[in-house]
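Undergrad: Take a look at target.tsv, TSV, C-alpha atoms:
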chain	number	residue	atom	x	y	z
A	1	MET	CA	-22.77	-27.77	-14.15
A	2	LYS	CA	-20.54	-27.32	-11.14
A	3	THR	CA	-17.38	-29.44	-11.19
A	4	PRO	CA	-15.15	-30.49	-8.33
A	5	PHE	CA	-12.58	-27.97	-9.59
A	6	TYR	CA	-14.90	-24.95	-9.72
A	7	ASN	CA	-13.90	-22.01	-7.46
A	8	TRP	CA	-10.68	-23.65	-6.36
A	9	LYS	CA	-8.09	-21.51	-4.60
A	10	ILE	CA	-4.80	-21.92	-6.46
A	11	TYR	CA	-1.27	-20.80	-5.61
A	12	LEU	CA	1.28	-20.36	-8.40
A	13	ASP	CA	4.88	-20.09	-7.25
A	14	THR	CA	7.44	-17.78	-8.82
A	15	CYS	CA	8.71	-20.51	-11.14
A	16	CYS	CA	5.24	-20.78	-12.68
A	17	LEU	CA	4.96	-17.06	-13.23
A	18	SER	CA	8.45	-16.97	-14.76
A	19	ARG	CA	7.84	-19.94	-17.09
A	20	PRO	CA	6.63	-17.82	-20.07
A	21	PHE	CA	10.04	-16.12	-20.08
A	22	ASN	CA	11.93	-19.41	-20.52
A	23	ASP	CA	13.06	-20.96	-23.83
A	24	GLN	CA	9.77	-21.92	-25.49
A	25	THR	CA	11.46	-24.20	-28.03
A	26	GLN	CA	11.53	-26.97	-25.42
A	27	ASP	CA	8.31	-29.02	-25.46
A	28	ARG	CA	7.95	-29.29	-21.70
A	29	ILE	CA	8.43	-25.56	-21.16
A	30	ARG	CA	5.97	-24.69	-23.92
A	31	ARG	CA	3.33	-27.10	-22.51
A	32	GLU	CA	3.76	-25.72	-18.99
A	33	THR	CA	3.57	-22.15	-20.29
A	34	GLU	CA	0.33	-22.91	-22.15
A	35	ALA	CA	-1.14	-24.52	-19.03
A	36	ILE	CA	-0.16	-21.54	-16.87
A	37	GLU	CA	-1.70	-19.13	-19.39
A	38	LYS	CA	-4.97	-21.11	-19.30
A	39	ILE	CA	-4.93	-21.05	-15.50
A	40	LEU	CA	-4.33	-17.28	-15.50
A	41	GLU	CA	-7.24	-16.87	-17.94
A	42	ALA	CA	-9.44	-18.87	-15.55
A	43	PHE	CA	-8.50	-16.45	-12.75
A	44	VAL	CA	-9.56	-13.48	-14.86
A	45	ALA	CA	-12.83	-15.27	-15.69
A	46	SER	CA	-13.33	-15.92	-11.94
A	47	ARG	CA	-13.52	-19.66	-12.51
A	48	TRP	CA	-10.71	-20.16	-10.02
A	49	HIS	CA	-9.30	-17.93	-7.29
A	50	TRP	CA	-5.65	-16.93	-7.36
A	51	VAL	CA	-3.93	-16.76	-4.01
A	52	VAL	CA	-0.61	-14.91	-3.87
A	53	SER	CA	1.65	-14.06	-0.98
A	54	GLU	CA	4.06	-11.52	0.35
A	55	VAL	CA	6.91	-13.98	-0.37
A	56	LEU	CA	5.83	-14.11	-4.01
A	57	THR	CA	5.88	-10.32	-4.14
A	58	ILE	CA	9.37	-10.26	-2.64
A	59	GLU	CA	10.69	-12.75	-5.20
A	60	VAL	CA	9.05	-10.96	-8.11
A	61	ASN	CA	10.43	-7.61	-6.93
A	62	ASN	CA	13.91	-9.18	-6.99
A	63	THR	CA	13.54	-10.32	-10.61
A	64	PRO	CA	16.42	-8.64	-12.47
A	65	ASN	CA	14.62	-8.44	-15.83
A	66	TRP	CA	12.40	-5.36	-15.50
A	67	ILE	CA	10.08	-6.44	-18.35
A	68	GLN	CA	9.50	-9.80	-16.72
A	69	ARG	CA	9.12	-8.18	-13.29
A	70	SER	CA	6.57	-5.61	-14.48
A	71	ARG	CA	4.52	-8.16	-16.45
A	72	ILE	CA	4.29	-10.53	-13.47
A	73	LYS	CA	3.47	-7.69	-11.07
A	74	SER	CA	0.71	-6.58	-13.42
A	75	GLN	CA	-0.69	-10.12	-13.58
A	76	MET	CA	-0.64	-10.35	-9.79
A	77	ASN	CA	-3.16	-7.48	-9.64
A	78	ALA	CA	-5.76	-10.11	-10.59
A	79	ALA	CA	-5.14	-12.02	-7.35
A	80	TYR	CA	-8.16	-12.96	-5.28
A	81	GLN	CA	-6.27	-13.04	-1.98
A	82	LYS	CA	-2.81	-12.07	-0.71
A	83	ILE	CA	-1.28	-13.85	2.27
A	84	SER	CA	1.10	-11.88	4.47
A	85	ILE	CA	4.12	-13.43	6.14
A	86	GLY	CA	3.34	-13.43	9.84
A	87	THR	CA	4.45	-15.41	12.86
A	88	THR	CA	2.41	-18.46	11.81
A	89	GLU	CA	3.94	-18.53	8.32
A	90	ASN	CA	7.48	-18.00	9.65
A	91	LEU	CA	7.11	-20.82	12.18
A	92	ARG	CA	5.61	-23.17	9.62
A	93	GLY	CA	8.32	-22.18	7.13
A	94	LYS	CA	10.97	-23.14	9.69
A	95	GLN	CA	9.27	-26.52	10.20
A	96	LEU	CA	9.25	-27.13	6.47
A	97	GLU	CA	12.86	-26.00	6.17
A	98	THR	CA	13.86	-28.77	8.61
A	99	LEU	CA	12.44	-31.23	6.06
A	100	GLY	CA	14.90	-29.90	3.51
A	101	PHE	CA	12.83	-27.28	1.68
A	102	LYS	CA	14.69	-24.12	0.71
A	103	TRP	CA	13.63	-21.13	2.81
A	104	PHE	CA	11.62	-19.33	0.13
A	105	ASP	CA	9.97	-22.58	-0.99
A	106	ALA	CA	9.08	-23.31	2.63
A	107	LEU	CA	7.56	-19.82	2.98
A	108	HIS	CA	5.58	-20.25	-0.26
A	109	LEU	CA	4.17	-23.53	1.07
A	110	ALA	CA	3.45	-22.02	4.50
A	111	CYS	CA	1.59	-19.11	2.92
A	112	ALA	CA	-0.36	-21.47	0.67
A	113	GLU	CA	-1.33	-23.50	3.71
A	114	SER	CA	-2.40	-20.34	5.57
A	115	GLY	CA	-4.51	-19.34	2.59
A	116	LYS	CA	-6.14	-22.78	2.62
A	117	VAL	CA	-5.46	-23.23	-1.07
A	118	ASP	CA	-6.70	-26.32	-2.85
A	119	ILE	CA	-3.59	-26.73	-5.00
A	120	PHE	CA	-0.05	-25.35	-5.07
A	121	LEU	CA	1.43	-25.34	-8.57
A	122	THR	CA	5.14	-25.30	-9.39
A	123	THR	CA	7.42	-26.03	-12.33
A	124	ASP	CA	10.39	-26.42	-9.98
A	125	ASP	CA	11.33	-30.13	-10.17
A	126	ARG	CA	13.32	-30.10	-6.94
A	127	LEU	CA	10.47	-28.51	-4.97
A	128	PHE	CA	7.95	-30.84	-6.62
A	129	ARG	CA	9.92	-34.02	-5.79
A	130	LYS	CA	10.48	-32.92	-2.19
A	131	ALA	CA	6.79	-32.04	-1.80
A	132	LYS	CA	5.81	-35.48	-3.08
A	133	ARG	CA	8.28	-37.12	-0.70
A	134	PHE	CA	6.83	-35.17	2.25
A	135	SER	CA	3.21	-34.94	1.08
A	136	SER	CA	1.92	-36.37	4.37
A	137	ASP	CA	3.66	-33.50	6.21
A	138	LEU	CA	2.11	-30.81	3.99
A	139	ARG	CA	-1.36	-29.29	4.31
A	140	VAL	CA	-1.54	-28.53	0.60
A	141	ARG	CA	-1.33	-30.66	-2.52
A	142	VAL	CA	1.59	-29.78	-4.82
A	143	GLU	CA	1.46	-30.46	-8.55
A	144	ASN	CA	2.94	-29.42	-11.86
A	145	PRO	CA	0.56	-27.01	-13.67
A	146	TYR	CA	0.54	-28.99	-16.93
A	147	THR	CA	-0.13	-32.32	-15.22
A	148	TRP	CA	-2.77	-30.81	-12.96
A	149	LEU	CA	-4.58	-29.07	-15.83
A	150	GLN	CA	-4.68	-32.38	-17.73
A	151	GLU	CA	-6.31	-33.94	-14.65
A	152	VAL	CA	-8.86	-31.11	-14.49
A	153	ASN	CA	-9.65	-31.41	-18.19
A	154	SER	CA	-10.04	-35.19	-18.06
A	155	SER	CA	-12.37	-34.88	-15.04
A	156	GLU	CA	-14.48	-32.16	-16.64
A	157	HIS	CA	-14.56	-33.69	-20.13
A	158	PRO	CA	-14.29	-37.49	-19.71
A	159	LYS	CA	-15.71	-38.19	-23.20
A	160	ASP	CA	-12.86	-36.22	-24.80
A	161	ASN	CA	-10.24	-38.59	-23.37
A	162	ARG	CA	-11.09	-41.91	-24.96
Can you present the structure in this file as structure tokens?
TA:
Amino acid sequence: MKTPFYNWKIYLDTCCLSRPFNDQTQDRIRRETEAIEKILEAFVASRWHWVVSEVLTIEVNNTPNWIQRSRIKSQMNAAYQKISIGTTENLRGKQLETLGFKWFDALHLACAESGKVDIFLTTDDRLFRKAKRFSSDLRVRVENPYTWLQEVNSSEHPKDNR
């Protein structure tokens, strides 16, 4: 049975990909990590399509921990699509920056919009709050991976959530 979430194009920002390297003794971090791992598994199974970008590659390449950097780069090989930073993305990034988004966050969002993703996932609270505040100005929905995966699961398995 095809669900409304089948074959979605999903963008994970750098914070999501770095989450497994954070202190897993904190409940929130552990839950988000588990959600991200399930999402990555769905990419490998071709249930969803992973969209990455040149800005993501730049940030990952600047990760000081070489183990973390190499693991994330290896994961990114499973990407369905990679968005380059061109004139359109730079201009849109500048527009988003005027709303108060940090430059790299603005570029992530601009690339996600260019890739026509269905959902942009982040564990960055500041980015998430700003995206919610300016949701009508964005061309992509922004959510927390744990919260979004709960929504997907409840939509796909409504009987399990009594």
Undergrad: How many Å lie between CA of Ser114 in chain A and CA of Glu54 in chain A, rounded to one decimal?
TA: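 These atoms are spaced 12.1 Å apart.
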Undergrad: Grab the CA of Leu127 in chain A to CA of Arg19 in chain A distance for me, in Å with one decimal place.
TA: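 Interatomic distance here is 15.1 Å.
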Undergrad: If we count all atoms listed in the file and set the cut-off at 12 Å, which residues sit around Trp103 in chain A, ignoring sequence neighbours fewer than 3 positions away in its own chain? Please answer as a PyMOL selection string.
TA: chain A and resi 55+59+89-100+106-110+127
Undergrad: Kindly save the residues from that selection, with C-alpha atoms included, as a PDB file, in the coordinates of the input.
TA:
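And here's out-v8.pdb as it stands now:
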ATOM      1  CA  VAL A  55       6.910 -13.980  -0.370  1.00  0.00           C
ATOM      2  CA  GLU A  59      10.690 -12.750  -5.200  1.00  0.00           C
ATOM      3  CA  GLU A  89       3.940 -18.530   8.320  1.00  0.00           C
ATOM      4  CA  ASN A  90       7.480 -18.000   9.650  1.00  0.00           C
ATOM      5  CA  LEU A  91       7.110 -20.820  12.180  1.00  0.00           C
ATOM      6  CA  ARG A  92       5.610 -23.170   9.620  1.00  0.00           C
ATOM      7  CA  GLY A  93       8.320 -22.180   7.130  1.00  0.00           C
ATOM      8  CA  LYS A  94      10.970 -23.140   9.690  1.00  0.00           C
ATOM      9  CA  GLN A  95       9.270 -26.520  10.200  1.00  0.00           C
ATOM     10  CA  LEU A  96       9.250 -27.130   6.470  1.00  0.00           C
ATOM     11  CA  GLU A  97      12.860 -26.000   6.170  1.00  0.00           C
ATOM     12  CA  THR A  98      13.860 -28.770   8.610  1.00  0.00           C
ATOM     13  CA  LEU A  99      12.440 -31.230   6.060  1.00  0.00           C
ATOM     14  CA  GLY A 100      14.900 -29.900   3.510  1.00  0.00           C
ATOM     15  CA  ALA A 106       9.080 -23.310   2.630  1.00  0.00           C
ATOM     16  CA  LEU A 107       7.560 -19.820   2.980  1.00  0.00           C
ATOM     17  CA  HIS A 108       5.580 -20.250  -0.260  1.00  0.00           C
ATOM     18  CA  LEU A 109       4.170 -23.530   1.070  1.00  0.00           C
ATOM     19  CA  ALA A 110       3.450 -22.020   4.500  1.00  0.00           C
ATOM     20  CA  LEU A 127      10.470 -28.510  -4.970  1.00  0.00           C
TER      21      LEU A 127
END
Undergrad: Report as a Markdown table: every residue of range 22-63 of chain A with an atom at most 9 Å from range 13-18 of chain A, its closest pair of atoms, and their distance in Å to one decimal, counting all atoms listed in the file, with rows sorted by chain and ascending residue number.
TA:
| residue | atom | partner | partner_atom | distance |
| --- | --- | --- | --- | --- |
| A:Asn22 | CA | A:Ser18 | CA | 7.2 |
| A:Glu32 | CA | A:Cys16 | CA | 8.1 |
| A:Thr33 | CA | A:Cys16 | CA | 7.9 |
| A:Ile36 | CA | A:Cys16 | CA | 6.9 |
| A:Val52 | CA | A:Asp13 | CA | 8.3 |
| A:Leu56 | CA | A:Thr14 | CA | 6.3 |
| A:Thr57 | CA | A:Thr14 | CA | 8.9 |
| A:Glu59 | CA | A:Thr14 | CA | 7.0 |
| A:Val60 | CA | A:Thr14 | CA | 7.0 |
Undergrad: Between CA of Arg69 in chain A and CA of Val117 in chain A, measure the distance and give it in Å to one decimal.
TA: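 One can read the CA of Arg69 in chain A to CA of Val117 in chain A distance as 24.3 Å.
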Undergrad: Contacts of Ala35 in chain A at 7 Å or less, counting only C-alpha atoms, minus same-chain residues fewer than 2 places along, as number ranges by chain?
TA: A: 31-33, 37-39, 145-146, 149
Undergrad: Counting all atoms listed in the file, which residue out of A:Val142, A:Ser155, A:Cys111, A:Pro20 sits closest to Thr87 in chain A?
TA: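 With all atoms listed in the file as the atom set, the closest residue is A:Cys111.
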Undergrad: Just give me the residues with any atom within 9 Å of (-3.0, -22.6, -2.1), file coordinates, counting all atoms listed in the file, written as a list in words.
TA: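 Answer for this query, in the requested form: Trp8, Lys9, Ile10, Tyr11, Leu12, Trp50, Val51, Val52, Leu109, Cys111, Ala112, Glu113, Ser114, Gly115, Lys116, Val117, Asp118, Ile119, Phe120, Leu121, Val140, Arg141 and Val142 of chain A.
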Undergrad: Given all atoms listed in the file as the basis, pick out the residue of A:Gln68, A:Thr25, A:Ser53, A:Asn61 nearest to Lys82 in chain A.
TA: A:Ser53
Undergrad: Can you pull out the residues contacting range 40-44 of chain A? Cut-off 9 Å, using only C-alpha atoms, and skip same-chain residues under 6 positions away; I want them as a VMD selection string.
TA: chain A and resid 50 75 78 to 80
Undergrad: From the options A:Asn65, A:Ser154, A:Asn7, A:Thr147, which residue's atoms come nearest to His49 in chain A, counting only C-alpha atoms?
TA: A:Asn7
Undergrad: Of the candidates A:Ser70, A:Gln150, A:Asn144, A:Gln81, which shows the shortest atom-to-atom distance to Arg126 in chain A, using only C-alpha atoms?
TA: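 Ranking A:Ser70, A:Gln150, A:Asn144, A:Gln81 by distance to Arg126 in chain A, first place goes to A:Asn144.
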Undergrad: Can you find the residues with an atom no farther than 9 Å from (11.1, -30.2, -2.6), counting all atoms listed in the file, and report them as a PyMOL selection string?
TA: chain A and resi 99-102+105-106+124-134
Undergrad: Could you pull the residues within 7 Å of Val152 in chain A, counting only C-alpha atoms, minus those fewer than 4 positions along the same chain, as a count of residues only?
TA: 3
